[in-house]
Each structure stands twice: as C-alpha cells, then as structure tokens.
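Here the structure comes first, spelled out in structure tokens, and everything after it is commentary.
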Amino acid sequence: MGNWIEVALETNGRGFLGHIVNLPGAFVRGRTKYEALKKVPVEAERYLKWADKFPDNQKIIDHFGTSSAFKDQGLDIVQVHRTQLAVEEADSDILLDADREVLSREQFFLFRDLITQSGDDVYTLSLETPDQDWCDPRKEGKTFYGKVPSSVKETLNHIDGVQTFYLSRIGIEFESRGTFLERRDHCMEKLAERFENKNNGKIYRVDGEDWTLKKVMRRFLWHDRIHARAMARILVSQQEKGIIFNFSDPFYFF
C-alpha cells in the first residue's frame with residue numbers, strides 16, 4: 001500500500017458516506033462530497049492513533065502504514081456507489097471492491113484482533129460514567145432503524161444487538177449468551193470457523209444486499225466506530241452537565 005488514502009464514496013443524493021478503504025471501519029460523512037472528503041485526513045489520523053496502541057503494533061504499521069505516512073498525502077476516490085439508503089444517518093449497503101478480496105490468514109487474524117480490541121474499547125468507554133441510563137436530550141429522535149440510542153446503555157445494547165445480525169448476513173445463525181465481551185468473542189470464533197472452512201471468498205445476497213466475510217468484519221469495525229463516537233458525545237454532554245468531570249476516550253475522538 002502506498003501513502004495514498006483510498007476512499008469509496010456512497011451517496012443517495014442527499015448526503016455522502018466515505019469509507020477509507022486502507023483503514024477498515026474508518027469513515028466520514030458530509031452533506032456534499034467535498035464536505036465528507038475534507039474530514040478524511042483527521043479520521044485517518046485518529047484511526048491510526050487508535051490502532052497504534054496494539055501490543056503487536058508493528059503488524060498494524062506494516063499493514064496500514066503510520067499516521068505520519070498519511071499526512072499531506074494524496075486522496076484517491078476508488079469507487080462510487082449509488083444507494084437508496086439513508087447514508088446521512090450512516091446507513092450503508094456498499095460492497096467495497098476490497099470486500100471481494102479473499103482474506104489471507106494474516107489478514108483474517110489482523111481483522112479479528114482489531115475487532116476484538118474495538119469491542120474492548122467500546123465496553124471500556126461505556127464504563128466511563130456511573131450514570132449509563134442518563135439520556136442526552138440532543139440525541140432524541142428516530143432513524144431508519146428506530147429510536148436513536150440516547151444513553152450509554154442504549155448505545156452499548158444497540159452495538160451488541162447488531163453483532164449477531166452481521167453474522168446472519170453470511171449464513172451464520174447462533175444463540176450467543178453471556179456478556180457483551182463474551183458475545184464479541186463468540187462472534188469471532190464463528191467467523192474463524194467460516195474462515196477455516198475456506199469459504200471466505202463467497203458473495204452472499206441477502207435482502208438485496210451483497211455480503212462477504214471481509215465485509216462483515218469491516219462492518220463490525222465501522223459500526224463500533226459510529227456508535228463509540230456517539231457514546232463519547234454523550235459523555236461530553238455529561239461532562240458539560242457536571243455529571244462526570246472527565247473521561248478517557250480510547251478511540252481518540254475528542
């Protein structure tokens with residue numbers, strides 16, 4: 001991979017969702033293409049800062065590059081996808097060209113480790129307040145999937161509920177019990193079983209949307225990132241209200 005930042009754009013004509021292909025799960029949004037694209041360098045820097053804290057971060061650096069490698073580099077739009085979905089609310093159905101690639105063993109386990117760390121960080125962020133039920137009035141409303149999660153607990157529960165949904169898109173149905181982190185681990189075990197069965201290049205057509213194993217793993221990271229950012233904003237609101245004095249942001253959103 002060179003230093004160019006590769007972006008796939010998704011639009012319904014009312015807004016743009018940009019996926020940073022080099023950094024699975026990293027994304028930007030904007031009312032216009034240019035509004036979205038101007039956010040890409042900051043999102044890339046935050047993502048790489050998050051990934052750089054891994055114990056075995058040399059693998060991350062070798063695969064994705066470093067934060068400094070992305071500074072002041074070019075941006076390449078590699079794909080544009082038209083959709084009817086509400087991308088302005090972060091809905092998405094794009095199958096990236098990169099999602100079609102068959103994962104190598106090294107790539108699969110790198111994705112798995114990223115998703116595991118992301119889940120750990122989501123849960124850690126949720127513990128940064130003693131009042132997980134406090135609802136931020138600025139987040140009240142509805143989206144395509146229902147009520148906007150407006151508390152830390154609602155946000156964590158939403159992330160949790162989507163985990164098994166993603167696996168169902170590639171034909172993995174199971175009942176996962178336990179805590180949020182135990183369910184995350186169980187999902188990774190199921191994805192590892194699918195990978196070991198050498199079925200990771202198959203394209204699944206479900207409810208009019210194309211899925212692959214790699215897309216499911218990217219979507220885990222993307223979905224965590226969307227709602228971890230929303231959770232962090234709730235914590236900022238709590239800080240402004242004096243409910244908490246400060247909080248640690250493992251994703252470096254703020």
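Here, A, B, ... name the chains of the structure tokens in the order displayed, residue numbers run from 1 inside each chain, and ligands are numbered from 1 in the same displayed order.
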_Members of segment 45-248 of chain A assigned strand (DSSP E or B) by DSSP, as a list in words_ =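 Selecting the strand (DSSP E or B) positions of segment 45-248 of chain A gives Leu75, Asp76, Ile77, Val78, Gln79, Val80, His81, Arg82, Lys142, Thr143, Gly146, Lys147, Tyr204, Arg205, Val206, Glu209, Asp210 and Trp211 of chain A.
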_Selected residue, from A:Arg105, A:Arg177, A:His19, A:Arg184, that lies nearest to Val87 of chain A when counting only C-alpha atoms_ = A:His19
*Top pick for closest residue to Leu9 of chain A, considering A:Gly74, A:Asp52, A:Pro130, A:Ile94 and counting only C-alpha atoms*: A:Ile94
*asked:* I'd like the contact shell of Ala8 of chain A - 6 Å cut-off, only C-alpha atoms, skipping same-chain residues fewer than 4 positions apart - returned as an MDAnalysis selection string.
replied: chainID A and resid 18:19 77:80
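Counting only C-alpha atoms, Val236 of chain A has the following residues at most 10 Å away, ignoring those fewer than 3 positions along the same chain: A:Asp136, A:Ala230, A:Met231, A:Ala232, A:Arg233, A:Gln239, A:Glu240, A:Lys241, A:Gly242, A:Ile243, A:Ile244, A:Phe245, A:Asn246, A:Phe247, A:Phe254.
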_Let me make sure I understand: among A:His227, A:Gln238, A:Val42, A:Pro250, which one has the smallest atom-to-atom distance to Cys135 of chain A if we use only C-alpha atoms?_
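Checking each of A:His227, A:Gln238, A:Val42, A:Pro250 against Cys135 of chain A, counting only C-alpha atoms, the winner is A:Gln238.
Distances to Ile20 of chain A were evaluated for A:Cys187, A:Ile115, A:Arg218, A:Lys53 using only C-alpha atoms, and the minimum falls at A:Arg218.
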_Residues within 12 Å of segment 190-207 of chain A, only C-alpha atoms, excluding chain neighbours under 3 positions, as a ChimeraX atom specification_ = /A:93,95-113,115,163-176,183-187,210-217,220
*Quick one: distance from atom CA of Asn157 of chain A to atom CA of Thr179 of chain A in Å, one decimal?*
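Separating atom CA of Asn157 of chain A from atom CA of Thr179 of chain A is a distance of 10.8 Å.
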_Report, in Å with one decimal, the straight-line distance from atom CA of Ser248 of chain A to atom CA of Val7 of chain A._
29.4 Å
_Selection near Thr32 of chain A, 8 Å with only C-alpha atoms, sequence-local residues under 2 positions removed, as a list in words_ = Arg14, Gly15, Phe16, Gly30, Tyr34, Glu35 and Ala36 of chain A
*Find the residues near Tyr252 of chain A: any atom within 10 Å, counting only C-alpha atoms, skip ones fewer than 4 places away on the same chain, and give them as JSON, numbers by chain.*
{"A": [43, 45, 46, 47, 48, 49, 50, 229, 232, 248]}
*Would you please extract all alpha helix (DSSP H) residues from segment 38-251 of chain A, as assigned by DSSP on the backbone, and give them as a PyMOL selection string?*
chain A and resi 40-51+57-64+67-70+105-126+152-168+180-196+213-241
